[in-house]
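Shown next: query_20.txt, given as compact mmCIF, C-alpha atoms.
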# COMPACT_ATOMS: atom_id res chain seq x y z
CA MET J 72 0.00 0.00 0.00
CA SER J 73 1.42 3.40 -0.98
CA ASP J 74 1.62 6.33 1.41
CA ILE J 75 -1.33 7.96 -0.35
CA GLU J 76 -3.43 4.80 -0.17
CA SER J 77 -2.56 4.44 3.49
CA ARG J 78 -3.68 8.00 4.27
CA ILE J 79 -6.90 7.45 2.34
CA ALA J 80 -7.56 4.21 4.24
CA ASP J 81 -6.92 5.93 7.58
CA THR J 82 -9.31 8.77 6.69
CA MET J 83 -12.01 6.34 5.57
CA LEU J 84 -11.61 4.15 8.63
CA ALA J 85 -11.89 7.18 10.91
CA LYS J 86 -15.15 8.09 9.18
CA LEU J 87 -16.52 4.55 9.55
CA ARG J 88 -15.59 4.48 13.22
CA GLU J 89 -17.58 7.65 13.88
CA ARG J 90 -20.60 5.45 13.23
CA ASP J 91 -19.33 2.16 14.62
CA PRO J 92 -16.09 2.11 16.62
CA ALA J 93 -15.88 -1.68 16.19
CA LEU J 94 -15.29 -1.48 12.44
CA GLY J 95 -11.83 -2.36 11.12
CA PRO J 96 -9.78 -2.30 7.91
CA ASP J 97 -11.62 -5.31 6.46
CA ASP J 98 -14.85 -3.29 6.45
CA LEU J 99 -13.40 -0.89 3.91
CA ALA J 100 -14.13 -3.50 1.23
CA ARG J 101 -17.85 -3.69 1.99
CA PRO J 102 -20.40 -1.96 -0.26
CA ILE J 103 -21.29 1.54 0.98
CA ALA J 104 -24.93 0.52 1.09
CA ASP J 105 -24.06 -2.08 3.74
CA LEU J 106 -22.36 0.45 5.99
CA ASP J 107 -24.10 2.84 8.35
CA LEU J 108 -23.25 5.87 6.24
CA ASP J 109 -25.75 8.46 5.05
CA SER J 110 -25.40 10.83 2.12
CA LEU J 111 -23.90 13.57 4.28
CA ASP J 112 -21.27 11.14 5.56
CA LEU J 113 -20.18 10.68 1.96
CA VAL J 114 -19.86 14.45 1.46
CA GLU J 115 -17.88 14.66 4.70
CA LEU J 116 -15.62 11.83 3.56
CA HIS J 117 -15.11 13.54 0.19
CA GLN J 118 -14.13 16.80 1.90
CA GLN J 119 -11.90 15.11 4.44
CA LEU J 120 -10.02 13.28 1.69
CA GLU J 121 -9.62 16.54 -0.21
CA SER J 122 -8.23 18.15 2.92
CA GLU J 123 -5.94 15.23 3.73
CA LEU J 124 -4.47 15.06 0.23
CA GLN J 125 -4.74 18.78 -0.61
CA VAL J 126 -6.62 18.10 -3.84
CA LYS J 127 -9.98 19.20 -5.24
CA GLY J 128 -12.43 16.50 -6.28
CA ASP J 129 -15.83 16.57 -7.93
CA LEU J 130 -18.66 15.61 -5.58
CA LYS J 131 -20.90 14.83 -8.56
CA GLU J 132 -18.56 11.93 -9.33
CA THR J 133 -17.95 10.59 -5.84
CA ALA J 134 -21.60 10.83 -4.78
CA GLY J 135 -22.40 7.88 -7.02
CA PHE J 136 -19.71 5.53 -5.72
CA ALA J 137 -20.89 2.11 -4.56
CA PHE J 138 -17.70 1.04 -2.76
CA LEU J 139 -15.16 2.87 -0.60
CA ASP J 140 -12.54 1.39 -2.90
CA ASP J 141 -13.92 3.72 -5.57
CA PHE J 142 -12.89 6.67 -3.37
CA THR J 143 -9.39 5.19 -3.12
CA THR J 144 -9.03 4.82 -6.88
CA TYR J 145 -10.43 8.30 -7.51
CA PHE J 146 -8.35 10.15 -4.93
CA VAL J 147 -5.13 8.28 -5.70
CA LYS J 148 -5.52 9.40 -9.30
CA LEU J 149 -6.14 13.01 -8.19
CA ALA J 150 -3.20 13.02 -5.79
CA ASN J 151 -0.81 11.56 -8.36
CA ARG J 152 -1.91 14.17 -10.87
CA GLY J 153 -0.56 16.71 -8.39
CA MET N 290 -15.18 56.20 14.52
CA SER N 291 -16.48 52.90 13.26
CA ALA N 292 -19.76 51.13 13.72
CA GLY N 293 -20.39 47.90 15.54
CA ILE N 294 -23.08 45.99 17.42
CA VAL N 295 -24.17 47.74 20.62
CA ASP N 296 -27.28 45.78 21.57
CA ILE N 297 -29.04 42.54 20.68
CA ALA N 298 -32.45 41.04 21.41
CA THR N 299 -34.13 37.81 20.35
CA ALA N 300 -37.43 35.97 20.36
CA LYS N 301 -38.51 32.42 19.61
CA PRO N 302 -42.25 32.78 20.08
CA GLY N 303 -44.83 30.19 19.16
CA ARG N 304 -45.24 26.49 19.80
CA ARG N 305 -42.24 24.34 20.64
CA ILE N 306 -42.09 21.42 18.23
CA ASP N 307 -39.97 18.49 19.33
CA ASN N 308 -38.81 15.72 17.06
CA ASP N 309 -41.61 13.37 18.07
CA HIS N 310 -43.90 15.63 16.05
CA PHE N 311 -42.43 14.11 12.88
CA THR N 312 -43.13 10.46 13.63
CA SER N 313 -46.29 10.95 11.57
CA ILE N 314 -44.11 11.35 8.47
CA GLY N 315 -41.83 8.48 9.40
CA LEU N 316 -38.96 10.38 11.04
CA THR N 317 -37.53 9.43 14.42
CA ASP N 318 -35.86 11.64 16.99
CA GLU N 319 -32.65 9.65 16.56
CA TRP N 320 -32.64 10.10 12.78
CA ILE N 321 -33.34 13.84 12.93
CA ARG N 322 -30.63 14.43 15.55
CA ARG N 323 -28.10 12.44 13.57
CA ARG N 324 -29.03 14.08 10.29
CA SER N 325 -29.23 17.67 11.55
CA GLY N 326 -28.32 18.02 15.22
CA ILE N 327 -31.79 19.43 15.84
CA ALA N 328 -33.90 18.38 18.84
CA SER N 329 -36.65 21.00 18.73
CA ARG N 330 -37.70 24.22 17.06
CA SER N 331 -40.39 26.91 17.46
CA TRP N 332 -43.25 27.31 14.99
CA LEU N 333 -45.33 30.47 15.02
CA PRO N 334 -49.10 30.25 14.78
CA ASP N 335 -50.23 30.66 11.17
CA GLU N 336 -52.09 33.84 12.02
CA ALA N 337 -49.17 35.56 13.79
CA SER N 338 -48.06 38.79 12.14
CA LEU N 339 -44.36 38.87 11.31
CA ALA N 340 -44.39 42.66 11.65
CA GLU N 341 -45.68 42.30 15.20
CA VAL N 342 -43.12 39.61 16.04
CA ALA N 343 -40.36 41.82 14.66
CA ALA N 344 -41.63 44.84 16.60
CA GLU N 345 -41.82 42.85 19.84
CA THR N 346 -38.26 41.70 19.27
CA CYS N 347 -36.99 45.23 18.59
CA ALA N 348 -38.93 46.89 21.41
CA PRO N 349 -36.47 46.18 24.27
CA ILE N 350 -33.65 47.68 22.24
CA VAL N 351 -35.59 50.81 21.32
CA THR N 352 -36.97 51.41 24.81
CA GLY N 353 -33.53 50.87 26.29
CA MET N 354 -32.02 53.75 24.30
CA ALA N 355 -31.52 57.15 25.88
CA ASP N 356 -32.73 58.69 22.63
CA SER N 357 -34.37 56.40 20.09
CA ALA N 358 -34.38 59.31 17.61
CA GLU N 359 -30.77 58.33 16.98
CA ILE N 360 -32.10 55.43 14.90
CA GLY N 361 -31.81 56.64 11.34
CA ALA N 362 -32.59 53.39 9.57
CA LEU N 363 -34.50 50.17 10.12
CA ILE N 364 -33.74 47.12 7.99
CA VAL N 365 -36.09 44.16 8.31
CA VAL N 366 -34.66 40.99 6.83
CA SER N 367 -36.98 38.13 6.00
CA THR N 368 -37.05 35.19 3.63
CA SER N 369 -40.47 34.04 4.68
CA SER N 370 -42.50 37.25 4.80
CA ARG N 371 -45.41 36.99 2.37
CA GLN N 372 -46.15 40.70 2.44
CA ARG N 373 -44.64 42.41 -0.58
CA VAL N 374 -46.42 45.77 -0.93
CA PRO N 375 -45.94 47.45 1.37
CA GLY N 376 -43.15 45.52 2.96
CA ILE N 377 -43.23 44.94 6.70
CA ALA N 378 -40.42 47.29 7.70
CA GLN N 379 -42.66 50.35 7.69
CA LYS N 380 -45.19 48.63 9.94
CA VAL N 381 -42.42 47.53 12.29
CA ALA N 382 -41.17 51.14 12.44
CA GLN N 383 -44.64 52.33 13.40
CA LEU N 384 -45.16 49.61 15.99
CA VAL N 385 -41.88 50.33 17.77
CA GLY N 386 -42.49 54.06 17.69
CA LEU N 387 -39.81 55.21 15.29
CA GLY N 388 -40.28 58.67 13.81
CA PRO N 389 -41.31 59.50 10.26
CA SER N 390 -37.78 60.36 9.11
CA VAL N 391 -36.36 56.88 9.39
CA LEU N 392 -35.15 55.04 6.31
CA THR N 393 -36.96 51.70 6.39
CA PHE N 394 -36.88 48.81 4.00
CA ASP N 395 -37.28 45.04 3.67
CA MET N 396 -34.39 42.85 2.57
CA ASN N 397 -34.31 39.26 1.36
CA ALA N 398 -31.08 37.39 0.68
CA ALA N 399 -32.39 34.04 1.96
CA CYS N 400 -30.22 32.50 4.66
CA CYS N 401 -27.49 35.07 3.97
CA GLY N 402 -29.85 37.96 4.74
CA PHE N 403 -28.43 38.87 8.12
CA VAL N 404 -24.90 39.13 6.73
CA TYR N 405 -26.12 41.28 3.83
CA GLY N 406 -28.13 43.36 6.31
CA LEU N 407 -25.08 43.85 8.52
CA VAL N 408 -23.00 45.03 5.58
CA THR N 409 -25.74 47.48 4.59
CA GLY N 410 -26.41 48.75 8.10
CA LEU N 411 -22.76 49.17 9.03
CA SER N 412 -22.16 50.98 5.74
CA LEU N 413 -24.99 53.42 6.49
CA CYS N 414 -23.46 54.16 9.89
CA ASP N 415 -19.92 54.53 8.64
CA ALA N 416 -21.08 56.78 5.80
CA GLY N 417 -22.80 59.07 8.29
CA SER N 418 -26.22 58.42 6.80
CA ALA N 419 -27.55 57.15 10.11
CA ARG N 420 -26.29 57.52 13.68
CA SER N 421 -27.77 54.14 14.57
CA VAL N 422 -29.30 51.38 12.48
CA LEU N 423 -31.77 48.80 13.75
CA LEU N 424 -31.39 45.49 11.92
CA CYS N 425 -34.02 42.82 12.51
CA SER N 426 -34.35 39.33 11.04
CA VAL N 427 -37.77 37.74 11.40
CA GLU N 428 -38.71 34.36 9.99
CA ALA N 429 -41.62 31.96 9.86
CA MET N 430 -40.00 29.20 7.84
CA SER N 431 -42.70 26.81 9.05
CA ARG N 432 -45.01 28.55 6.58
CA MET N 433 -42.68 27.94 3.65
CA VAL N 434 -41.91 24.26 4.17
CA ASP N 435 -44.11 21.37 3.13
CA ARG N 436 -44.78 19.95 6.59
CA THR N 437 -45.09 16.46 5.10
CA ASP N 438 -41.71 16.62 3.33
CA ARG N 439 -39.36 14.26 5.12
CA GLN N 440 -36.25 16.09 3.91
CA THR N 441 -37.07 19.64 5.01
CA ALA N 442 -40.00 19.68 7.45
CA CYS N 443 -37.89 18.92 10.51
CA ILE N 444 -35.03 21.28 9.61
CA PHE N 445 -36.68 24.67 9.69
CA GLY N 446 -37.88 26.77 12.60
CA ASP N 447 -39.22 30.23 13.31
CA GLY N 448 -37.66 33.07 15.25
CA ALA N 449 -36.55 36.67 15.28
CA ALA N 450 -33.55 38.67 16.40
CA ALA N 451 -32.48 42.28 16.23
CA VAL N 452 -29.22 44.15 16.65
CA LEU N 453 -28.53 47.83 17.06
CA LEU N 454 -25.58 49.18 15.10
CA ALA N 455 -23.84 52.39 16.13
CA ASP N 456 -20.47 54.10 16.17
CA ARG N 457 -18.21 53.67 19.18
CA PRO N 458 -14.62 54.94 19.52
CA GLU N 459 -13.41 51.48 20.52
CA PHE N 460 -14.64 49.71 17.38
CA GLU N 461 -12.29 49.02 14.52
CA GLY N 462 -13.82 49.15 11.05
CA PHE N 463 -15.89 46.25 9.85
CA ARG N 464 -14.61 43.92 7.16
CA GLN N 465 -16.74 42.05 4.70
CA VAL N 466 -16.63 39.58 1.87
CA ALA N 467 -19.78 38.66 -0.02
CA GLY N 468 -21.10 37.50 -3.32
CA CYS N 469 -23.55 35.24 -5.08
CA ASP N 470 -23.84 32.72 -7.90
CA GLY N 471 -27.26 32.76 -9.52
CA ALA N 472 -26.29 29.77 -11.64
CA GLN N 473 -26.74 27.67 -8.50
CA GLU N 474 -30.34 28.74 -7.92
CA ALA N 475 -31.67 25.23 -8.54
CA LEU N 476 -29.86 23.88 -5.46
CA MET N 477 -32.26 25.54 -3.05
CA ARG N 478 -35.51 27.19 -4.00
CA GLU N 479 -39.11 27.62 -3.04
CA LEU N 480 -41.43 25.40 -5.08
CA ASP N 481 -44.36 26.93 -6.93
CA GLY N 482 -46.84 24.71 -5.16
CA GLY N 483 -45.29 25.27 -1.74
CA GLY N 484 -42.37 23.66 0.01
CA ILE N 485 -38.63 24.01 -0.41
CA HIS N 486 -36.43 22.03 -2.76
CA LEU N 487 -33.02 21.28 -1.29
CA ASP N 488 -30.20 19.39 -3.02
CA GLY N 489 -28.82 18.13 0.28
CA MET N 490 -25.40 16.88 -0.78
CA GLN N 491 -24.51 19.82 -3.02
CA VAL N 492 -25.79 22.37 -0.52
CA TYR N 493 -23.85 20.71 2.28
CA ASP N 494 -20.66 20.71 0.21
CA ARG N 495 -20.96 24.27 -1.03
CA ALA N 496 -22.11 25.69 2.32
CA VAL N 497 -19.11 24.21 4.11
CA ARG N 498 -16.71 25.55 1.48
CA ARG N 499 -18.22 29.04 1.32
CA MET N 500 -18.47 29.52 5.08
CA THR N 501 -14.98 28.13 5.69
CA GLU N 502 -13.51 30.40 2.99
CA SER N 503 -15.42 33.42 4.31
CA ALA N 504 -14.18 32.82 7.86
CA GLN N 505 -10.61 32.46 6.61
CA TYR N 506 -10.95 35.72 4.65
CA LEU N 507 -12.07 37.59 7.75
CA PHE N 508 -9.00 36.38 9.64
CA ASP N 509 -6.70 37.25 6.76
CA HIS N 510 -8.09 40.78 6.37
CA GLY N 511 -8.25 43.06 9.37
CA PRO N 512 -8.73 42.53 13.08
CA ALA N 513 -9.32 38.87 13.93
CA PRO N 514 -12.75 37.91 15.22
CA THR N 515 -12.91 36.58 18.77
CA VAL N 516 -15.89 34.34 17.93
CA VAL N 517 -17.30 33.03 14.65
CA VAL N 518 -21.00 32.37 14.16
CA GLY N 519 -22.03 30.55 11.01
CA HIS N 520 -25.49 30.30 9.54
CA GLN N 521 -27.12 27.54 11.56
CA ALA N 522 -28.28 25.54 8.55
CA ASN N 523 -27.61 22.04 9.84
CA GLY N 524 -25.53 20.78 12.74
CA ARG N 525 -23.52 18.55 10.43
CA ILE N 526 -22.53 21.53 8.28
CA LEU N 527 -21.58 23.50 11.38
CA GLU N 528 -19.39 20.72 12.76
CA GLN N 529 -17.59 20.35 9.45
CA VAL N 530 -16.92 24.11 9.25
CA ARG N 531 -15.76 23.97 12.86
CA ASN N 532 -13.28 21.23 11.91
CA PHE N 533 -11.97 23.18 8.93
CA THR N 534 -11.63 26.44 10.91
CA ALA N 535 -10.14 24.91 14.07
CA HIS N 536 -6.74 26.36 13.19
CA LEU N 537 -8.16 29.86 13.59
CA GLY N 538 -8.26 29.27 17.33
CA VAL N 539 -11.55 30.95 18.24
CA PRO N 540 -14.93 29.48 19.21
CA PHE N 541 -17.18 28.46 16.31
CA VAL N 542 -20.78 28.50 17.47
CA ASN N 543 -23.24 25.65 17.03
CA ARG N 544 -26.57 26.47 18.70
CA ILE N 545 -28.90 24.72 16.29
CA GLU N 546 -30.19 22.09 18.73
CA HIS N 547 -33.21 23.99 20.00
CA SER N 548 -33.72 26.50 17.17
CA GLY N 549 -33.46 24.63 13.89
CA ASN N 550 -32.73 26.55 10.73
CA THR N 551 -34.45 29.92 11.05
CA SER N 552 -32.95 31.22 7.80
CA SER N 553 -31.75 34.82 8.16
CA ALA N 554 -32.36 34.84 11.92
CA THR N 555 -29.97 32.03 12.83
CA ILE N 556 -26.80 34.05 13.28
CA PRO N 557 -28.11 36.64 15.74
CA LEU N 558 -30.15 33.98 17.57
CA ALA N 559 -27.10 31.75 18.00
CA PHE N 560 -24.87 34.68 18.94
CA ALA N 561 -27.35 35.86 21.56
CA GLU N 562 -27.63 32.36 23.02
CA GLU N 563 -23.87 32.18 23.27
CA LEU N 564 -23.78 35.56 25.03
CA ALA N 565 -26.60 34.62 27.38
CA ALA N 566 -24.82 31.41 28.31
CA GLY N 567 -21.65 33.35 29.06
CA SER N 568 -19.75 31.26 26.51
CA VAL N 569 -18.38 34.41 24.91
CA PRO N 570 -17.75 37.79 26.56
CA THR N 571 -20.05 40.76 26.00
CA VAL N 572 -17.20 42.65 24.35
CA GLY N 573 -15.32 41.31 21.35
CA ARG N 574 -15.37 40.95 17.61
CA LEU N 575 -17.95 38.84 15.82
CA GLY N 576 -17.22 36.95 12.62
CA ALA N 577 -20.54 36.12 10.94
CA VAL N 578 -20.50 33.82 7.91
CA ALA N 579 -23.43 32.59 5.89
CA TYR N 580 -24.53 30.68 2.81
CA GLY N 581 -27.99 30.66 1.30
CA ALA N 582 -30.26 30.25 -1.68
CA GLY N 583 -29.41 32.02 -4.93
CA GLU N 584 -26.05 31.13 -3.67
CA ALA N 585 -25.84 34.34 -1.72
CA TRP N 586 -22.85 33.98 0.59
CA GLY N 587 -20.70 36.20 2.71
CA GLY N 588 -18.96 37.10 5.91
CA VAL N 589 -18.61 40.14 8.13
CA SER N 590 -16.31 40.84 11.03
CA VAL N 591 -17.52 43.56 13.34
CA GLY N 592 -16.78 44.83 16.83
CA TYR N 593 -19.42 44.45 19.51
CA ARG N 594 -20.11 45.62 23.03
CA VAL N 595 -23.53 44.60 24.26
CA PRO N 596 -25.37 44.70 27.56
CA ALA N 597 -27.05 41.62 29.00
CA VAL N 598 -29.06 39.79 26.33
CA THR N 599 -32.80 40.40 26.31
CA GLY N 600 -35.60 38.28 24.90
CA GLY N 601 -35.26 34.68 23.84
Could you rewrite the structure in this file as structure tokens?
Amino acid sequence: MSDIESRIADTMLAKLRERDPALGPDDLARPIADLDLDSLDLVELHQQLESELQVKGDLKETAGFAFLDDFTTYFVKLANRG
Amino acid sequence: MSAGIVDIATAKPGRRIDNDHFTSIGLTDEWIRRRSGIASRSWLPDEASLAEVAAETCAPIVTGMADSAEIGALIVVSTSSRQRVPGIAQKVAQLVGLGPSVLTFDMNAACCGFVYGLVTGLSLCDAGSARSVLLCSVEAMSRMVDRTDRQTACIFGDGAAAVLLADRPEFEGFRQVAGCDGAQEALMRELDGGGIHLDGMQVYDRAVRRMTESAQYLFDHGPAPTVVVGHQANGRILEQVRNFTAHLGVPFVNRIEHSGNTSSATIPLAFAEELAAGSVPTVGRLGAVAYGAGEAWGGVSVGYRVPAVTGG
């Protein structure tokens, strides 16, 4: 796992644990619909990843993601673009 | 000399509506609190006159002045007033006993109205057009929402607040940043048949960005605020702005729990609650930041010295 992927995973896990402190890294692979996240949680996650990586994403794209892995792919690409 | 806030008064009249009220539309107290941070809000009776509510809110300020003739202008801000011609400001002026030579007008900039009103009122004072300006926000958002709409019915509340603006030697000049983006009007708007359309995710995202940027601007330009009050749109928005402005090192106010979103009235209501609770001193510098429909947004930093809070 790269440094960027690791920071993304940490940010996502922190968000999941706001809802359920018992969740762990394995839960990052579950579909978003199976997690206790509402639509505002996804906006918060989007903004927190932007802040963590100092990039600007497009909420219209991330709002439709079905898996947290999609956030990883999207934000890694943004971060590597610089 | 420069103008600032020298008095404040508030009112949340009407019936207290707790979250259990919304079980009839399938919403639970737990869901509403998680989604918005709101536990209760006030709703005015349908027949209540907004001009009378505004006048009752302003009255303690006016009667507390040594010479109310110093008031040269009255600005009444409202998103929810249905009265267009005449507006309600003139009636409020009459009800609180202001003289015939007072500039009075209504203003509507949705949830950003108080910030726009502050900019206008402070400018009138600093220009010498008025020795004092009375600025009142009064809202009955319960009349605008579709009370069966699960997305918006539980968010909005009613309330009123007024501030008196005047010059004091101790105040440093106000600073402001403001703007709008009419291209975003579809994000938040009143529906023709009643009710409010809200694009929740986009509004959340843009409100956080605009209010965070406005707060940062106020700290980067001029005397730093000692407290920041954001438009109390939703507790989740407020907590996110608080996170993103933590580095500024001053309190960021979240008082939405028992008020809900009262549109233009949220900032003075929350500020007054904070003062009444003793959470912030009665002398300082307020940073007020807001985001609203029409994508009107903005921020003001302004000195204040107020006596004990009245009303509420």
### Task
Compute the set of chain J residues within 8 Å of chain N, using all atoms listed in the file, and express it as a PyMOL selection string.
chain J and resi 110-111+114-115+118+130
Pull C-alpha atoms from the residues just selected and write them as a JSON list (two decimals), in the coordinates of the input.
[["chain", "number", "residue", "atom", "x", "y", "z"],
["J", 110, "SER", "CA", -25.40, 10.83, 2.12],
["J", 111, "LEU", "CA", -23.90, 13.57, 4.28],
["J", 114, "VAL", "CA", -19.86, 14.45, 1.46],
["J", 115, "GLU", "CA", -17.88, 14.66, 4.70],
["J", 118, "GLN", "CA", -14.13, 16.80, 1.90],
["J", 130, "LEU", "CA", -18.66, 15.61, -5.58]]
### Query
Of the candidates J:Ala100, J:Ala93, J:Ala85, J:Ile75, which shows the shortest atom-to-atom distance to J:Asp141, using all atoms listed in the file?
J:Ala100
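Note that atom CA of N:Leu424 and atom CA of N:Lys380 are 14.3 Å apart.
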### Separation of atom CA of N:Asn550 from atom CA of N:Pro512 in Å
28.9 Å
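Excluding J:Thr82 itself and same-chain residues fewer than 6 positions from it, the residues having an atom within 8 Å of it are Leu116, Gln119, Leu120 and Glu123 of chain J, counting only C-alpha atoms.
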### Task
Kindly give the distance, in Å, that separates atom CA of N:Ala328 and atom CA of N:Leu564, rounded to a single decimal.
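Interatomic distance, atom CA of N:Ala328 to atom CA of N:Leu564: 20.9 Å.
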Can you list, as a short mmCIF file (atom, residue, chain, number, x, y, z; two decimals) with C-alpha atoms, keeping the file's coordinate frame, every protein, DNA or RNA residue that comes within 9 Å of N:Cys443 when you count all atoms listed in the file, leaving out same-chain residues fewer than 3 positions away?
data_model
loop_
_atom_site.label_atom_id
_atom_site.label_comp_id
_atom_site.auth_asym_id
_atom_site.auth_seq_id
_atom_site.Cartn_x
_atom_site.Cartn_y
_atom_site.Cartn_z
CA ASN N 308 -38.81 15.72 17.06
CA HIS N 310 -43.90 15.63 16.05
CA PHE N 311 -42.43 14.11 12.88
CA LEU N 316 -38.96 10.38 11.04
CA ILE N 321 -33.34 13.84 12.93
CA SER N 325 -29.23 17.67 11.55
CA ILE N 327 -31.79 19.43 15.84
CA SER N 329 -36.65 21.00 18.73
CA ARG N 330 -37.70 24.22 17.06
CA ARG N 436 -44.78 19.95 6.59
CA ASP N 438 -41.71 16.62 3.33
CA ARG N 439 -39.36 14.26 5.12
CA GLN N 440 -36.25 16.09 3.91
CA GLY N 446 -37.88 26.77 12.60
CA GLY N 549 -33.46 24.63 13.89
#
### Task
Would you please work out which residue, of J:Asn151, J:Ser77, J:Thr133, J:Thr144, is nearest to J:Pro96 when using all atoms listed in the file?
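Among the listed residues, the smallest separation from J:Pro96 belongs to J:Ser77.
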### Query
Near N:Leu507, counting only C-alpha atoms, which residues have an atom at most 12 Å away, once you skip same-chain residues fewer than 3 positions from it, shown as a ChimeraX atom specification?
/N:463-467,500-504,510-517,534,537,574-578,587-591
